[in-house]
$ cat run25.cif   # mmCIF, C-alpha atoms
data_model
loop_
_atom_site.label_atom_id
_atom_site.label_comp_id
_atom_site.auth_asym_id
_atom_site.auth_seq_id
_atom_site.Cartn_x
_atom_site.Cartn_y
_atom_site.Cartn_z
CA MET A 22 55.42 306.46 -117.85
CA THR A 23 58.59 306.42 -119.89
CA TYR A 24 59.92 302.91 -120.30
CA THR A 25 63.13 301.88 -122.05
CA VAL A 26 63.59 298.28 -123.20
CA ASN A 27 66.85 296.55 -122.28
CA CYS A 28 67.54 294.75 -125.54
CA SER A 29 70.35 292.68 -124.03
CA ILE A 30 67.99 290.69 -121.80
CA LEU A 31 64.67 291.08 -123.66
CA LEU A 32 63.84 290.08 -127.26
CA THR A 33 66.81 287.71 -127.22
CA GLU A 34 65.03 285.34 -129.62
CA LEU A 35 66.04 287.84 -132.30
CA PRO A 36 69.53 288.74 -133.52
CA LEU A 37 70.88 291.67 -131.51
CA LEU A 38 70.58 294.20 -134.33
CA GLU A 39 66.92 293.34 -134.95
CA ARG A 40 65.86 294.03 -131.38
CA PRO A 41 65.57 297.85 -131.53
CA ALA A 42 63.04 297.55 -134.37
CA ALA A 43 61.16 294.88 -132.42
CA ALA A 44 61.00 297.18 -129.38
CA LYS A 45 59.62 299.93 -131.61
CA ALA A 46 57.06 297.54 -133.09
CA ALA A 47 55.98 296.64 -129.55
CA GLY A 48 55.19 300.28 -128.87
CA PHE A 49 58.38 301.61 -127.25
CA ASP A 50 60.46 304.59 -128.30
CA ALA A 51 63.57 303.91 -126.19
CA VAL A 52 66.09 301.10 -125.71
CA GLU A 53 69.16 300.39 -123.61
CA PHE A 54 71.94 297.83 -124.00
CA TRP A 55 74.66 296.08 -122.10
CA TRP A 56 77.95 296.37 -124.02
CA PRO A 57 76.97 294.80 -127.36
CA PHE A 58 80.45 293.90 -128.63
CA GLU A 59 83.09 291.32 -127.75
CA ALA A 60 85.99 293.78 -127.48
CA SER A 61 86.42 297.07 -125.64
CA VAL A 62 87.42 298.67 -128.95
CA PRO A 63 85.40 297.02 -131.72
CA GLY A 64 85.89 297.71 -135.41
CA ASP A 65 84.25 300.69 -137.09
CA ALA A 66 81.93 298.46 -139.12
CA GLU A 67 80.60 296.80 -135.96
CA ILE A 68 79.96 300.14 -134.29
CA THR A 69 78.28 301.55 -137.40
CA GLY A 70 76.04 298.49 -137.67
CA PHE A 71 74.92 298.85 -134.07
CA GLU A 72 74.25 302.58 -134.40
CA ARG A 73 72.36 302.10 -137.65
CA ALA A 74 70.12 299.44 -136.08
CA ILE A 75 69.03 301.99 -133.50
CA THR A 76 68.60 304.96 -135.82
CA ASP A 77 66.83 302.90 -138.49
CA ALA A 78 64.40 301.61 -135.87
CA GLY A 79 63.54 305.16 -134.86
CA VAL A 80 64.23 304.59 -131.16
CA GLN A 81 66.32 306.55 -128.67
CA LEU A 82 69.30 304.86 -127.03
CA THR A 83 68.91 305.85 -123.37
CA GLY A 84 71.58 303.70 -121.75
CA LEU A 85 74.73 301.78 -122.63
CA ASN A 86 77.01 299.71 -120.42
CA PHE A 87 80.75 299.98 -120.54
CA ASN A 88 82.38 296.68 -121.49
CA ALA A 89 81.83 294.37 -118.51
CA GLY A 90 83.76 291.35 -119.81
CA ASN A 91 82.16 287.98 -120.44
CA MET A 92 78.83 288.35 -118.64
CA PRO A 93 77.53 284.82 -119.44
CA GLY A 94 80.87 283.51 -118.12
CA GLY A 95 80.42 285.32 -114.82
CA ASP A 96 82.35 288.56 -115.36
CA ARG A 97 80.69 291.63 -113.88
CA GLY A 98 82.79 294.54 -115.02
CA LEU A 99 86.36 295.66 -115.60
CA VAL A 100 86.38 298.81 -113.45
CA SER A 101 88.20 297.32 -110.44
CA TRP A 102 89.91 294.40 -112.19
CA PRO A 103 93.63 295.22 -112.15
CA ALA A 104 94.64 292.97 -115.06
CA ARG A 105 91.92 294.43 -117.31
CA SER A 106 92.00 298.04 -116.21
CA ALA A 107 93.59 299.13 -119.50
CA GLU A 108 90.72 297.56 -121.44
CA PHE A 109 88.25 299.57 -119.42
CA LEU A 110 90.16 302.80 -120.04
CA ASP A 111 90.35 302.05 -123.78
CA ASN A 112 86.58 301.54 -123.78
CA ILE A 113 85.74 305.00 -122.45
CA ASP A 114 86.24 306.94 -125.68
CA VAL A 115 84.33 304.32 -127.67
CA VAL A 116 81.38 304.51 -125.28
CA ALA A 117 81.42 308.31 -125.32
CA GLY A 118 81.57 308.32 -129.11
CA ILE A 119 78.52 306.09 -129.45
CA GLY A 120 76.74 308.21 -126.86
CA GLU A 121 77.57 311.42 -128.66
CA ARG A 122 76.36 310.18 -132.04
CA LEU A 123 73.14 308.67 -130.66
CA GLY A 124 72.30 311.25 -128.00
CA CYS A 125 72.75 308.81 -125.12
CA THR A 126 74.06 310.21 -121.83
CA ALA A 127 73.72 307.34 -119.28
CA PHE A 128 76.52 304.80 -119.04
CA ASN A 129 76.54 301.89 -116.59
CA ALA A 130 79.99 300.89 -115.30
CA LEU A 131 79.80 297.49 -113.62
CA TYR A 132 82.32 297.57 -110.80
CA GLY A 133 83.81 294.10 -111.22
CA ASN A 134 84.13 291.00 -109.08
CA ARG A 135 86.69 290.53 -106.35
CA ILE A 136 89.70 288.81 -107.92
CA ASP A 137 91.57 286.01 -106.19
CA GLY A 138 95.07 287.14 -105.28
CA GLU A 139 94.26 290.86 -105.40
CA SER A 140 93.60 292.87 -102.26
CA ALA A 141 90.24 294.59 -101.93
CA ASP A 142 92.06 297.84 -101.13
CA LYS A 143 94.03 297.69 -104.37
CA GLN A 144 90.92 296.89 -106.38
CA ASP A 145 89.00 299.73 -104.78
CA ALA A 146 91.81 302.21 -105.43
CA ILE A 147 91.90 301.20 -109.10
CA GLY A 148 88.12 301.22 -109.26
CA THR A 149 87.90 304.72 -107.84
CA GLU A 150 90.49 306.02 -110.27
CA ASN A 151 88.84 304.35 -113.27
CA LEU A 152 85.38 305.61 -112.39
CA ALA A 153 86.77 309.14 -112.12
CA THR A 154 88.41 308.75 -115.54
CA ALA A 155 85.17 307.43 -117.01
CA ALA A 156 83.22 310.32 -115.50
CA ALA A 157 85.64 312.79 -117.06
CA GLY A 158 85.45 310.95 -120.38
CA VAL A 159 81.68 311.17 -120.70
CA ALA A 160 81.37 314.62 -119.11
CA ARG A 161 82.29 316.22 -122.44
CA ILE A 162 79.01 314.95 -123.93
CA GLY A 163 76.95 315.71 -120.84
CA GLY A 164 77.09 312.07 -119.79
CA THR A 165 76.65 310.39 -116.42
CA VAL A 166 78.37 307.25 -115.16
CA LEU A 167 76.05 304.87 -113.33
CA LEU A 168 77.11 302.46 -110.58
CA GLU A 169 74.94 299.46 -109.79
CA PRO A 170 74.53 296.99 -106.95
CA VAL A 171 74.14 293.50 -108.44
CA SER A 172 72.71 290.19 -107.21
CA GLY A 173 73.57 286.64 -108.20
CA ALA A 174 77.31 287.27 -108.51
CA PRO A 175 79.03 285.87 -105.40
CA LYS A 176 82.25 287.88 -105.82
CA TYR A 177 80.64 291.22 -106.73
CA PRO A 178 81.19 293.54 -103.76
CA LEU A 179 78.42 296.11 -104.29
CA LEU A 180 75.26 294.48 -102.96
CA THR A 181 73.27 297.35 -101.46
CA ALA A 182 72.57 300.92 -102.43
CA ALA A 183 74.84 302.00 -99.56
CA ASP A 184 77.72 299.95 -100.99
CA ALA A 185 77.47 301.75 -104.32
CA LEU A 186 76.87 305.16 -102.75
CA ASN A 187 80.01 304.76 -100.64
CA VAL A 188 82.07 304.18 -103.79
CA ILE A 189 80.39 307.16 -105.49
CA ALA A 190 81.22 309.35 -102.48
CA ARG A 191 84.85 308.22 -102.65
CA VAL A 192 85.09 309.02 -106.35
CA LYS A 193 83.59 312.46 -105.76
CA ALA A 194 85.88 313.16 -102.83
CA GLU A 195 89.04 312.13 -104.67
CA SER A 196 88.28 313.56 -108.10
CA GLY A 197 85.54 316.15 -107.74
CA ALA A 198 83.44 314.30 -110.33
CA GLU A 199 79.77 315.17 -109.99
CA ASN A 200 78.45 313.09 -112.90
CA ILE A 201 78.40 309.68 -111.22
CA LYS A 202 75.12 308.37 -109.84
CA LEU A 203 73.38 305.32 -108.45
CA LEU A 204 71.65 302.91 -110.80
CA ALA A 205 68.77 301.67 -108.67
CA ASP A 206 67.80 298.26 -110.00
CA PHE A 207 64.88 297.43 -107.74
CA TYR A 208 65.19 293.71 -108.49
CA HIS A 209 68.86 293.45 -107.50
CA LEU A 210 68.32 295.57 -104.37
CA ALA A 211 65.34 293.48 -103.25
CA VAL A 212 67.09 290.15 -103.88
CA ASN A 213 70.08 291.34 -101.88
CA GLY A 214 67.85 292.22 -98.92
CA ASP A 215 68.10 295.99 -99.19
CA ASP A 216 65.22 298.11 -97.88
CA VAL A 217 64.13 299.40 -101.28
CA ALA A 218 61.44 301.70 -99.90
CA ALA A 219 64.01 303.36 -97.62
CA VAL A 220 66.50 303.70 -100.46
CA ILE A 221 63.80 305.48 -102.48
CA GLU A 222 62.89 307.79 -99.60
CA ASN A 223 66.49 308.77 -99.04
CA HIS A 224 67.93 308.84 -102.55
CA ALA A 225 65.26 308.92 -105.29
CA LYS A 226 66.06 312.46 -106.32
CA ASP A 227 69.68 311.41 -106.80
CA PHE A 228 69.01 308.24 -108.83
CA GLY A 229 70.79 308.24 -112.16
CA HIS A 230 68.55 305.48 -113.51
CA ILE A 231 65.96 302.92 -112.39
CA GLN A 232 65.66 299.37 -113.70
CA ILE A 233 62.96 296.86 -112.82
CA ALA A 234 62.19 293.14 -112.77
CA ASP A 235 59.93 291.20 -110.45
CA ASN A 236 61.04 288.73 -107.80
CA PRO A 237 61.17 285.78 -107.51
CA GLY A 238 62.37 284.87 -110.97
CA ARG A 239 63.48 288.17 -112.53
CA GLY A 240 60.34 288.06 -114.65
CA ALA A 241 58.02 290.76 -115.94
CA PRO A 242 56.25 293.08 -113.49
CA GLY A 243 53.29 291.25 -112.00
CA THR A 244 54.89 287.81 -112.12
CA GLY A 245 56.30 288.13 -108.61
CA GLU A 246 55.71 289.94 -105.36
CA LEU A 247 57.56 293.26 -105.60
CA PRO A 248 55.46 296.46 -105.41
CA LEU A 249 57.19 297.89 -108.48
CA GLY A 250 54.38 300.28 -109.36
CA GLU A 251 54.41 301.79 -105.87
CA TRP A 252 58.19 302.11 -105.89
CA ILE A 253 58.21 303.84 -109.27
CA ALA A 254 55.40 306.19 -108.29
CA ARG A 255 57.16 307.16 -105.05
CA SER A 256 60.44 307.71 -106.89
CA ARG A 257 58.61 310.08 -109.24
CA GLN A 258 57.01 311.93 -106.34
CA LEU A 259 60.45 312.44 -104.80
CA GLY A 260 61.97 313.87 -107.94
CA TYR A 261 63.17 311.06 -110.21
CA GLU A 262 62.44 312.16 -113.77
CA GLY A 263 64.32 309.61 -115.85
CA TYR A 264 63.45 306.47 -117.76
CA ILE A 265 62.41 303.17 -116.20
CA GLY A 266 64.56 300.40 -117.66
CA LEU A 267 62.80 297.10 -118.36
CA GLU A 268 65.48 294.57 -117.49
CA TYR A 269 63.67 291.30 -116.93
CA LYS A 270 63.45 287.85 -118.51
CA GLU A 271 60.31 287.04 -120.47
CA PRO A 272 59.68 285.44 -123.87
CA ALA A 273 59.27 288.00 -126.66
CA GLU A 274 55.72 286.81 -127.32
CA THR A 275 54.51 287.83 -123.86
CA ALA A 276 57.25 290.27 -122.82
CA PHE A 277 55.08 293.38 -122.76
CA ASN A 278 51.57 292.05 -122.08
CA TRP A 279 51.62 293.61 -118.62
CA VAL A 280 52.14 297.15 -119.91
CA ILE A 281 50.07 297.26 -123.09
CA PRO A 282 46.40 296.45 -122.57
CA GLU A 283 44.90 294.01 -125.03
CA ARG A 284 42.36 295.54 -127.37
CA PRO A 285 38.83 294.27 -126.78
CA ALA A 286 37.72 291.76 -129.36
CA ALA A 287 35.64 293.26 -132.15
CA HIS A 288 31.99 292.24 -132.15
#
$ encode --input "run25.cif" --output "structure tokens"
Amino acid sequence: MTYTVNCSILLTELPLLERPAAAKAAGFDAVEFWWPFEASVPGDAEITGFERAITDAGVQLTGLNFNAGNMPGGDRGLVSWPARSAEFLDNIDVVAGIGERLGCTAFNALYGNRIDGESADKQDAIGTENLATAAAGVARIGGTVLLEPVSGAPKYPLLTAADALNVIARVKAESGAENIKLLADFYHLAVNGDDVAAVIENHAKDFGHIQIADNPGRGAPGTGELPLGEWIARSRQLGYEGYIGLEYKEPAETAFNWVIPERPAAH
């Protein structure tokens, strides 16, 4: 099983740039991040520091989010946010550059909340156009744009796999982009009431990425009631060959106890 540690939600007791090495020390060879900078176009020194933290740790960056705004403040992406569309577009080349230098080809574009005073149609038109531009921007490095249903954000319009797949179909129809895929976060889908088993049956071979957390609580696998192991195994059987992103909340001390068996005590 090939796991990748989301270092934006796990190992948060440590400074951001120390987390890749901590993931490596815990036995993992791959990491993923939400956008790790304040701005869409950070300074060169900031970018270099981030890249060096990953290469020095000896881990592979498998996924990176486009700038999604102030996530702790409730933002969930700039893609369909008219007033911040330019920021998203400015971010594309930066994301592709990091991906090119680190060999990362999966890039999650959070769609954005519905904005008061903006029509849904206008937001969706901008969102479609921006996703197509992002797909073109990362295509040159063999990259894929990922689109994700999200829970816990009342104004985020993509709740089910079908919601995201409809947007993906629109982008493909209007632009011809083929490198845009569903990010199947089993936690978000389950919380939002989607039929995760059916989504897997119908779309596993087309998943761009899988992320997991248990429910209730968004904790580590085994802390809740979701059949994550069964869902992963079935996705593999149906053709999903990518990483499994660990995107749950758990203290660093116990974050990976479920996956790495304890050694028997020496006698």
$ atom_distance --input "run25.cif" --atom1 "atom CA of Ala198 of chain A" --atom2 "atom CA of Ala51 of chain A"
27.5 Å
$ resolve_selection --input "run25.cif" --expression "the PyMOL selection byres ((chain A and resi 166-182) around 8)" --output "PyMOL selection string"
chain A and resi 95+97+127-136+152+155-156+159+164-165+183-186+189+200-206+209-210+212-215+220+229-230
$ resolve_selection --input "run25.cif" --expression "the PyMOL selection byres ((chain A and resi 149) around 8)" --output "MDAnalysis selection string"
chainID A and resid 101 145:148 150:153 188 191:192
$ resolve_selection --input "run25.cif" --expression "the PyMOL selection byres ((chain A and resi 257) around 12)" --output "NGL selection string"
:A and (22-23 or 221-222 or 224-228 or 230-231 or 250-256 or 258-265)
$ atom_distance --input "run25.cif" --atom1 "atom CA of Gly266 of chain A" --atom2 "atom CA of Asn27 of chain A"
6.4 Å
$ closest_residue --input "run25.cif" --among "A:Gly84, A:Gly79, A:Gly243, A:Pro57" --to "Thr126 of chain A" --atoms "only C-alpha atoms"
A:Gly84
$ atom_distance --input "run25.cif" --atom1 "atom CA of Asp77 of chain A" --atom2 "atom CA of Asn112 of chain A"
24.7 Å
$ closest_residue --input "run25.cif" --among "A:Val52, A:Ile113, A:Gly138, A:Cys125" --to "Thr154 of chain A" --atoms "only C-alpha atoms"
A:Ile113
$ closest_residue --input "run25.cif" --among "A:Ala66, A:Leu35, A:Ala117, A:Val26" --to "Arg161 of chain A" --atoms "all atoms listed in the file"
A:Ala117
$ closest_residue --input "run25.cif" --among "A:Arg73, A:Lys270, A:Lys45, A:Arg239" --to "Phe207 of chain A" --atoms "all atoms listed in the file"
A:Arg239
$ residues_near_point --input "run25.cif" --point "(75.8, 309.2, -130.4)" --cutoff "12 Å" --atoms "only C-alpha atoms" --output "ChimeraX atom specification"
/A:68-69,71-73,75-76,81-85,114-127,159,162-164
$ closest_residue --input "run25.cif" --among "A:Trp102, A:Tyr269, A:Phe277, A:Phe58" --to "Asp235 of chain A" --atoms "all atoms listed in the file"
A:Tyr269
$ closest_residue --input "run25.cif" --among "A:Ala273, A:Ala194, A:Val217, A:Ala160" --to "Ala46 of chain A" --atoms "all atoms listed in the file"
A:Ala273
$ residues_around --input "run25.cif" --residues "Gly245 of chain A" --least-positions-apart "3" --cutoff "7 Å" --atoms "only C-alpha atoms" --output "ChimeraX atom specification"
/A:235-237,242
